[in-house]
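The next block holds one structure in the form of structure tokens; read it before the comments.
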Amino acid sequence: MKNLFQYLPLLVLLFAFTSTTTVLADFVLDSDGEPIRNSAGSYYILPVLRGKGGGLEVAQTRPETCPLPVVQAPLDISKGIPARFSSILRIAFIFTGLPLNIQFVPSEPSTCLPFPAPWKVEKESLAVTISTEGIEDFRGPFQIQRANDGEEDSTDYKIQYCGREYDSKNQDCMDLGISIDGDQSRRLVVKDGDPLVVRNRPGPAILL
């Protein structure tokens, strides 16, 4: 009992810090206004501005060649492939600025689109592609930030890349946006500004 009272002040301080952190956390909200769950459920990543394409998916190639690039679906009506957001922290919900891994959870996996299918960034082209060798950076190279600062109820967000090469150069995280290639595919790439502003619509319940 003596040892318990000896550490009581420390336990109270730890509880207060944890409670304050939870209250102050800026949770990432889905399109229904609910906090996005960590490593659970699935979400369609959809553009806020319509008219240039649908949700995020992978480019279809024939024959299938790896790695598959992450692209915006060409049709507005397409929701794309549902994704899952994961942090190594043992917390229930995702908040802004939290290091993340993002994985597609396809209903029809393939050699180049495994289940789950982690995102990665190609070092030379800075294009977002699918890793067929699992998660490359367990701390999480991506993060989600509000697209409009100060609008706490907004469900509009942007995804950023904070890979090791940016850390080593003391650069800030950079936005993910759309770049149109020679085939008119709308590829997701790392850009200096001009982010793809998205909303995350709840998808099907998927168990890993």
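Quick note on naming: the chains in the structure tokens go A, B, ... in the order shown, residues restart at 1 in each chain, and ligands are numbered from 1 in order of appearance.
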
DSSP says helix (DSSP H, G or I) for which residues of chain A? Put them as number ranges by chain?
A: 2-6, 8-24, 164-168

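Residues lying within 7 Å of Arg201 of chain A, counting only C-alpha atoms and ignoring same-chain neighbours fewer than 6 positions away, are Asp30, Ser31, Tyr43, Tyr44 and Ile45 of chain A.
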
Non-local contacts of Ser179 of chain A (12 Å; only C-alpha atoms; under 5 positions in same chain excluded) as a PyMOL selection string
chain A and resi 69-72+125-128+184-192+194-196

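For the pair atom CA of Gln103 of chain A and atom CA of Asn148 of chain A, the separation is 24.8 Å.
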
Contacts of Phe104 of chain A at 9 Å (only C-alpha atoms; same-chain gap of 3+ positions) as a PDB file with N, CA and C atoms, in the first residue's frame:
ATOM      1  N   SER A  42     -13.625   0.726 -43.251  1.00  0.00           N
ATOM      2  CA  SER A  42     -13.040   1.152 -44.520  1.00  0.00           C
ATOM      3  C   SER A  42     -13.740   2.415 -44.983  1.00  0.00           C
ATOM      4  N   GLU A  57      -8.494   4.907 -56.637  1.00  0.00           N
ATOM      5  CA  GLU A  57      -8.409   3.488 -56.961  1.00  0.00           C
ATOM      6  C   GLU A  57      -7.032   3.229 -57.554  1.00  0.00           C
ATOM      7  N   ILE A  81     -11.774   2.370 -54.629  1.00  0.00           N
ATOM      8  CA  ILE A  81     -11.530   1.211 -53.765  1.00  0.00           C
ATOM      9  C   ILE A  81     -11.496   1.688 -52.316  1.00  0.00           C
ATOM     10  N   PRO A  82     -12.196   1.016 -51.409  1.00  0.00           N
ATOM     11  CA  PRO A  82     -12.163   1.454 -50.007  1.00  0.00           C
ATOM     12  C   PRO A  82     -10.769   1.332 -49.418  1.00  0.00           C
ATOM     13  N   ALA A  83     -10.472   2.227 -48.486  1.00  0.00           N
ATOM     14  CA  ALA A  83      -9.145   2.275 -47.861  1.00  0.00           C
ATOM     15  C   ALA A  83      -9.287   2.196 -46.342  1.00  0.00           C
ATOM     16  N   ARG A  84      -8.190   1.863 -45.711  1.00  0.00           N
ATOM     17  CA  ARG A  84      -8.126   1.811 -44.245  1.00  0.00           C
ATOM     18  C   ARG A  84      -6.959   2.672 -43.783  1.00  0.00           C
ATOM     19  N   LEU A 113      -2.286  -6.109 -56.452  1.00  0.00           N
ATOM     20  CA  LEU A 113      -3.198  -5.422 -55.532  1.00  0.00           C
ATOM     21  C   LEU A 113      -3.560  -6.411 -54.416  1.00  0.00           C
ATOM     22  N   PRO A 114      -2.627  -6.620 -53.476  1.00  0.00           N
ATOM     23  CA  PRO A 114      -2.876  -7.595 -52.407  1.00  0.00           C
ATOM     24  C   PRO A 114      -3.925  -7.087 -51.419  1.00  0.00           C
ATOM     25  N   PHE A 115      -4.275  -7.927 -50.467  1.00  0.00           N
ATOM     26  CA  PHE A 115      -5.197  -7.532 -49.399  1.00  0.00           C
ATOM     27  C   PHE A 115      -4.485  -7.678 -48.068  1.00  0.00           C
ATOM     28  N   PRO A 116      -4.270  -6.559 -47.359  1.00  0.00           N
ATOM     29  CA  PRO A 116      -4.484  -5.178 -47.776  1.00  0.00           C
ATOM     30  C   PRO A 116      -3.362  -4.716 -48.697  1.00  0.00           C
ATOM     31  N   ALA A 117      -3.560  -3.556 -49.326  1.00  0.00           N
ATOM     32  CA  ALA A 117      -2.612  -3.040 -50.315  1.00  0.00           C
ATOM     33  C   ALA A 117      -2.044  -1.706 -49.841  1.00  0.00           C
ATOM     34  N   PRO A 118      -0.859  -1.707 -49.212  1.00  0.00           N
ATOM     35  CA  PRO A 118      -0.306  -0.460 -48.662  1.00  0.00           C
ATOM     36  C   PRO A 118       0.109   0.528 -49.750  1.00  0.00           C
ATOM     37  N   TRP A 119      -0.115   1.807 -49.461  1.00  0.00           N
ATOM     38  CA  TRP A 119       0.397   2.863 -50.331  1.00  0.00           C
ATOM     39  C   TRP A 119       1.883   3.080 -50.051  1.00  0.00           C
ATOM     40  N   ILE A 130       1.183   1.102 -55.202  1.00  0.00           N
ATOM     41  CA  ILE A 130       0.851   0.029 -54.272  1.00  0.00           C
ATOM     42  C   ILE A 130       2.082  -0.831 -54.010  1.00  0.00           C
TER      43      ILE A 130
END

Can you tell me which residues surround segment 94-98 of chain A at a distance of at most 12 Å, considering only C-alpha atoms, apart from same-chain residues fewer than 4 positions away, and format the answer as a JSON list (two decimals) with N, CA, C and O atoms, in the first residue's frame?
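And here's selection_9.json as it stands now:
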[["chain", "number", "residue", "atom", "x", "y", "z"],
["A", 21, "THR", "N", -5.12, 15.32, -23.68],
["A", 21, "THR", "CA", -4.77, 15.00, -25.06],
["A", 21, "THR", "C", -5.98, 14.53, -25.82],
["A", 21, "THR", "O", -6.20, 14.89, -26.98],
["A", 22, "THR", "N", -6.82, 13.69, -25.16],
["A", 22, "THR", "CA", -8.01, 13.18, -25.82],
["A", 22, "THR", "C", -8.99, 14.29, -26.14],
["A", 22, "THR", "O", -9.57, 14.37, -27.22],
["A", 23, "VAL", "N", -9.16, 15.22, -25.19],
["A", 23, "VAL", "CA", -10.11, 16.32, -25.39],
["A", 23, "VAL", "C", -9.64, 17.24, -26.50],
["A", 23, "VAL", "O", -10.43, 17.72, -27.31],
["A", 24, "LEU", "N", -8.34, 17.52, -26.56],
["A", 24, "LEU", "CA", -7.80, 18.47, -27.52],
["A", 24, "LEU", "C", -7.59, 17.88, -28.90],
["A", 24, "LEU", "O", -7.33, 18.61, -29.86],
["A", 25, "ALA", "N", -7.66, 16.56, -29.03],
["A", 25, "ALA", "CA", -7.39, 15.91, -30.31],
["A", 25, "ALA", "C", -8.40, 16.37, -31.36],
["A", 25, "ALA", "O", -9.60, 16.42, -31.11],
["A", 26, "ASP", "N", -7.90, 16.73, -32.55],
["A", 26, "ASP", "CA", -8.74, 17.14, -33.66],
["A", 26, "ASP", "C", -9.01, 15.90, -34.50],
["A", 26, "ASP", "O", -8.26, 15.57, -35.42],
["A", 27, "PHE", "N", -10.07, 15.19, -34.17],
["A", 27, "PHE", "CA", -10.35, 13.94, -34.86],
["A", 27, "PHE", "C", -10.66, 14.17, -36.33],
["A", 27, "PHE", "O", -11.32, 15.15, -36.69],
["A", 28, "VAL", "N", -10.19, 13.26, -37.17],
["A", 28, "VAL", "CA", -10.56, 13.27, -38.59],
["A", 28, "VAL", "C", -11.96, 12.68, -38.69],
["A", 28, "VAL", "O", -12.21, 11.58, -38.19],
["A", 29, "LEU", "N", -12.87, 13.40, -39.34],
["A", 29, "LEU", "CA", -14.26, 12.98, -39.42],
["A", 29, "LEU", "C", -14.57, 12.40, -40.80],
["A", 29, "LEU", "O", -14.02, 12.85, -41.81],
["A", 30, "ASP", "N", -15.43, 11.38, -40.82],
["A", 30, "ASP", "CA", -15.89, 10.88, -42.11],
["A", 30, "ASP", "C", -17.00, 11.78, -42.64],
["A", 30, "ASP", "O", -17.37, 12.79, -42.02],
["A", 34, "GLU", "N", -18.59, 11.41, -38.25],
["A", 34, "GLU", "CA", -18.12, 10.51, -37.21],
["A", 34, "GLU", "C", -16.59, 10.37, -37.28],
["A", 34, "GLU", "O", -16.02, 10.39, -38.38],
["A", 35, "PRO", "N", -15.90, 10.21, -36.13],
["A", 35, "PRO", "CA", -14.45, 10.04, -36.16],
["A", 35, "PRO", "C", -14.04, 8.79, -36.93],
["A", 35, "PRO", "O", -14.68, 7.74, -36.81],
["A", 36, "ILE", "N", -12.99, 8.92, -37.71],
["A", 36, "ILE", "CA", -12.48, 7.77, -38.46],
["A", 36, "ILE", "C", -11.75, 6.84, -37.51],
["A", 36, "ILE", "O", -10.93, 7.25, -36.70],
["A", 37, "ARG", "N", -12.04, 5.56, -37.63],
["A", 37, "ARG", "CA", -11.49, 4.56, -36.71],
["A", 37, "ARG", "C", -10.09, 4.13, -37.13],
["A", 37, "ARG", "O", -9.79, 4.02, -38.32],
["A", 38, "ASN", "N", -9.26, 3.90, -36.16],
["A", 38, "ASN", "CA", -7.89, 3.47, -36.40],
["A", 38, "ASN", "C", -7.84, 1.98, -36.70],
["A", 38, "ASN", "O", -8.29, 1.16, -35.89],
["A", 39, "SER", "N", -7.34, 1.63, -37.89],
["A", 39, "SER", "CA", -7.15, 0.23, -38.30],
["A", 39, "SER", "C", -8.45, -0.55, -38.28],
["A", 39, "SER", "O", -8.45, -1.77, -38.04],
["A", 40, "ALA", "N", -9.56, 0.11, -38.53],
["A", 40, "ALA", "CA", -10.86, -0.57, -38.52],
["A", 40, "ALA", "C", -11.77, 0.06, -39.55],
["A", 40, "ALA", "O", -11.64, 1.24, -39.88],
["A", 84, "ARG", "N", -8.19, 1.86, -45.71],
["A", 84, "ARG", "CA", -8.13, 1.81, -44.24],
["A", 84, "ARG", "C", -6.96, 2.67, -43.78],
["A", 84, "ARG", "O", -5.89, 2.67, -44.39],
["A", 85, "PHE", "N", -7.17, 3.43, -42.70],
["A", 85, "PHE", "CA", -6.15, 4.30, -42.13],
["A", 85, "PHE", "C", -5.64, 3.67, -40.83],
["A", 85, "PHE", "O", -6.44, 3.33, -39.95],
["A", 86, "SER", "N", -4.31, 3.55, -40.71],
["A", 86, "SER", "CA", -3.75, 2.83, -39.57],
["A", 86, "SER", "C", -2.59, 3.59, -38.93],
["A", 86, "SER", "O", -1.71, 4.10, -39.62],
["A", 87, "SER", "N", -2.62, 3.65, -37.60],
["A", 87, "SER", "CA", -1.51, 4.21, -36.82],
["A", 87, "SER", "C", -0.96, 3.11, -35.91],
["A", 87, "SER", "O", -1.71, 2.23, -35.47],
["A", 88, "ILE", "N", 0.35, 3.17, -35.63],
["A", 88, "ILE", "CA", 0.94, 2.19, -34.73],
["A", 88, "ILE", "C", 0.53, 2.46, -33.28],
["A", 88, "ILE", "O", 0.70, 1.59, -32.42],
["A", 89, "LEU", "N", 0.00, 3.65, -33.02],
["A", 89, "LEU", "CA", -0.47, 3.97, -31.68],
["A", 89, "LEU", "C", -1.75, 3.18, -31.37],
["A", 89, "LEU", "O", -2.61, 3.03, -32.24],
["A", 90, "ARG", "N", -1.87, 2.73, -30.16],
["A", 90, "ARG", "CA", -3.05, 1.96, -29.76],
["A", 90, "ARG", "C", -4.15, 2.91, -29.30],
["A", 90, "ARG", "O", -4.43, 3.05, -28.11],
["A", 102, "ILE", "N", -1.69, 4.07, -45.10],
["A", 102, "ILE", "CA", -2.96, 3.97, -45.80],
["A", 102, "ILE", "C", -2.91, 2.73, -46.67],
["A", 102, "ILE", "O", -1.93, 2.50, -47.39],
["A", 139, "ARG", "N", 6.12, 3.44, -39.00],
["A", 139, "ARG", "CA", 5.72, 4.63, -38.25],
["A", 139, "ARG", "C", 4.63, 5.40, -38.98],
["A", 139, "ARG", "O", 3.87, 6.15, -38.37],
["A", 140, "GLY", "N", 4.52, 5.21, -40.32],
["A", 140, "GLY", "CA", 3.49, 5.88, -41.11],
["A", 140, "GLY", "C", 4.01, 7.11, -41.82],
["A", 140, "GLY", "O", 4.27, 8.13, -41.18],
["A", 141, "PRO", "N", 4.16, 7.08, -43.17],
["A", 141, "PRO", "CA", 4.68, 8.23, -43.90],
["A", 141, "PRO", "C", 3.63, 9.26, -44.30],
["A", 141, "PRO", "O", 3.97, 10.29, -44.87],
["A", 142, "PHE", "N", 2.35, 8.98, -44.03],
["A", 142, "PHE", "CA", 1.27, 9.89, -44.44],
["A", 142, "PHE", "C", 0.62, 10.53, -43.22],
["A", 142, "PHE", "O", 0.74, 10.04, -42.10],
["A", 143, "GLN", "N", -0.10, 11.62, -43.46],
["A", 143, "GLN", "CA", -0.92, 12.23, -42.43],
["A", 143, "GLN", "C", -2.10, 12.92, -43.09],
["A", 143, "GLN", "O", -2.09, 13.18, -44.30],
["A", 144, "ILE", "N", -3.13, 13.20, -42.31],
["A", 144, "ILE", "CA", -4.32, 13.89, -42.80],
["A", 144, "ILE", "C", -4.41, 15.24, -42.09],
["A", 144, "ILE", "O", -4.24, 15.31, -40.87],
["A", 145, "GLN", "N", -4.67, 16.27, -42.86],
["A", 145, "GLN", "CA", -4.84, 17.61, -42.31],
["A", 145, "GLN", "C", -6.13, 18.22, -42.85],
["A", 145, "GLN", "O", -6.61, 17.84, -43.93],
["A", 146, "ARG", "N", -6.68, 19.16, -42.10],
["A", 146, "ARG", "CA", -7.87, 19.85, -42.58],
["A", 146, "ARG", "C", -7.54, 20.68, -43.83],
["A", 146, "ARG", "O", -6.50, 21.32, -43.89],
["A", 147, "ALA", "N", -8.45, 20.66, -44.78],
["A", 147, "ALA", "CA", -8.24, 21.46, -45.99],
["A", 147, "ALA", "C", -8.49, 22.93, -45.71],
["A", 147, "ALA", "O", -7.89, 23.80, -46.34],
["A", 149, "ASP", "N", -8.40, 25.50, -42.59],
["A", 149, "ASP", "CA", -8.08, 25.76, -41.19],
["A", 149, "ASP", "C", -9.18, 26.57, -40.52],
["A", 149, "ASP", "O", -9.73, 27.50, -41.11],
["A", 152, "GLU", "N", -13.89, 23.70, -37.81],
["A", 152, "GLU", "CA", -13.82, 22.49, -37.01],
["A", 152, "GLU", "C", -14.86, 21.45, -37.40],
["A", 152, "GLU", "O", -14.65, 20.26, -37.19],
["A", 155, "THR", "N", -15.73, 18.42, -43.03],
["A", 155, "THR", "CA", -15.27, 17.05, -43.31],
["A", 155, "THR", "C", -14.37, 17.02, -44.54],
["A", 155, "THR", "O", -14.18, 15.97, -45.14],
["A", 156, "ASP", "N", -13.83, 18.18, -44.92],
["A", 156, "ASP", "CA", -12.93, 18.29, -46.07],
["A", 156, "ASP", "C", -11.48, 18.22, -45.59],
["A", 156, "ASP", "O", -11.08, 18.98, -44.71],
["A", 157, "TYR", "N", -10.70, 17.32, -46.20],
["A", 157, "TYR", "CA", -9.34, 17.09, -45.76],
["A", 157, "TYR", "C", -8.39, 16.98, -46.95],
["A", 157, "TYR", "O", -8.81, 16.84, -48.10],
["A", 158, "LYS", "N", -7.10, 17.04, -46.64],
["A", 158, "LYS", "CA", -6.06, 16.74, -47.61],
["A", 158, "LYS", "C", -5.11, 15.73, -46.99],
["A", 158, "LYS", "O", -4.94, 15.67, -45.76],
["A", 159, "ILE", "N", -4.51, 14.90, -47.82],
["A", 159, "ILE", "CA", -3.55, 13.90, -47.37],
["A", 159, "ILE", "C", -2.15, 14.41, -47.70],
["A", 159, "ILE", "O", -1.92, 14.95, -48.79],
["A", 160, "GLN", "N", -1.24, 14.24, -46.76],
["A", 160, "GLN", "CA", 0.13, 14.70, -46.97],
["A", 160, "GLN", "C", 1.12, 13.54, -46.81],
["A", 160, "GLN", "O", 0.84, 12.55, -46.11],
["A", 161, "TYR", "N", 2.27, 13.72, -47.44],
["A", 161, "TYR", "CA", 3.35, 12.73, -47.37],
["A", 161, "TYR", "C", 4.50, 13.33, -46.57],
["A", 161, "TYR", "O", 4.94, 14.45, -46.84],
["A", 162, "CYS", "N", 4.97, 12.57, -45.60],
["A", 162, "CYS", "CA", 6.05, 13.03, -44.72],
["A", 162, "CYS", "C", 7.15, 11.98, -44.67],
["A", 162, "CYS", "O", 7.52, 11.50, -43.59],
["A", 173, "CYS", "N", 6.01, 18.46, -44.55],
["A", 173, "CYS", "CA", 5.24, 17.47, -45.28],
["A", 173, "CYS", "C", 4.63, 18.12, -46.52],
["A", 173, "CYS", "O", 4.34, 19.32, -46.52]]

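For the atom pair formed by atom CA of Gly134 of chain A and atom CA of Val121 of chain A, the distance is 13.2 Å, given to one decimal.
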
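Closest approach to Glu136 of chain A from the set A:Gly55, A:Cys112, A:Asp172, A:Asn101 is made by A:Asn101, with distances taken over only C-alpha atoms.
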
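Note that the spacing between atom CA of Thr65 of chain A and atom CA of Val198 of chain A amounts to 27.6 Å.
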
Would you pick out the contacts of Ile77 of chain A at 10 Å or less, using only C-alpha atoms, so that residues sharing its chain but fewer than 6 positions from it are not included, and give the list as a list in words?
Arg50, Gly51, Gly53, Gly54 and Gly55 of chain A

Among the residues A:Pro202, A:Lys120, A:Leu49, A:Pro109, the one that comes closest to Asp76 of chain A [using only C-alpha atoms]
A:Leu49

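Closest approach to Ile180 of chain A among A:Lys123, A:Arg199, A:Lys52, A:Arg62 is made by A:Lys52 (distances from only C-alpha atoms).
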
Go through chain A and collect every residue that DSSP, computed from the backbone, puts in strand (DSSP E); the answer should be as a VMD selection string.
chain A and resid 43 to 47 56 to 58 70 to 72 83 to 86 101 to 104 117 to 121 128 to 130 142 to 146 157 to 161 174 to 180 186 to 191 198 to 202
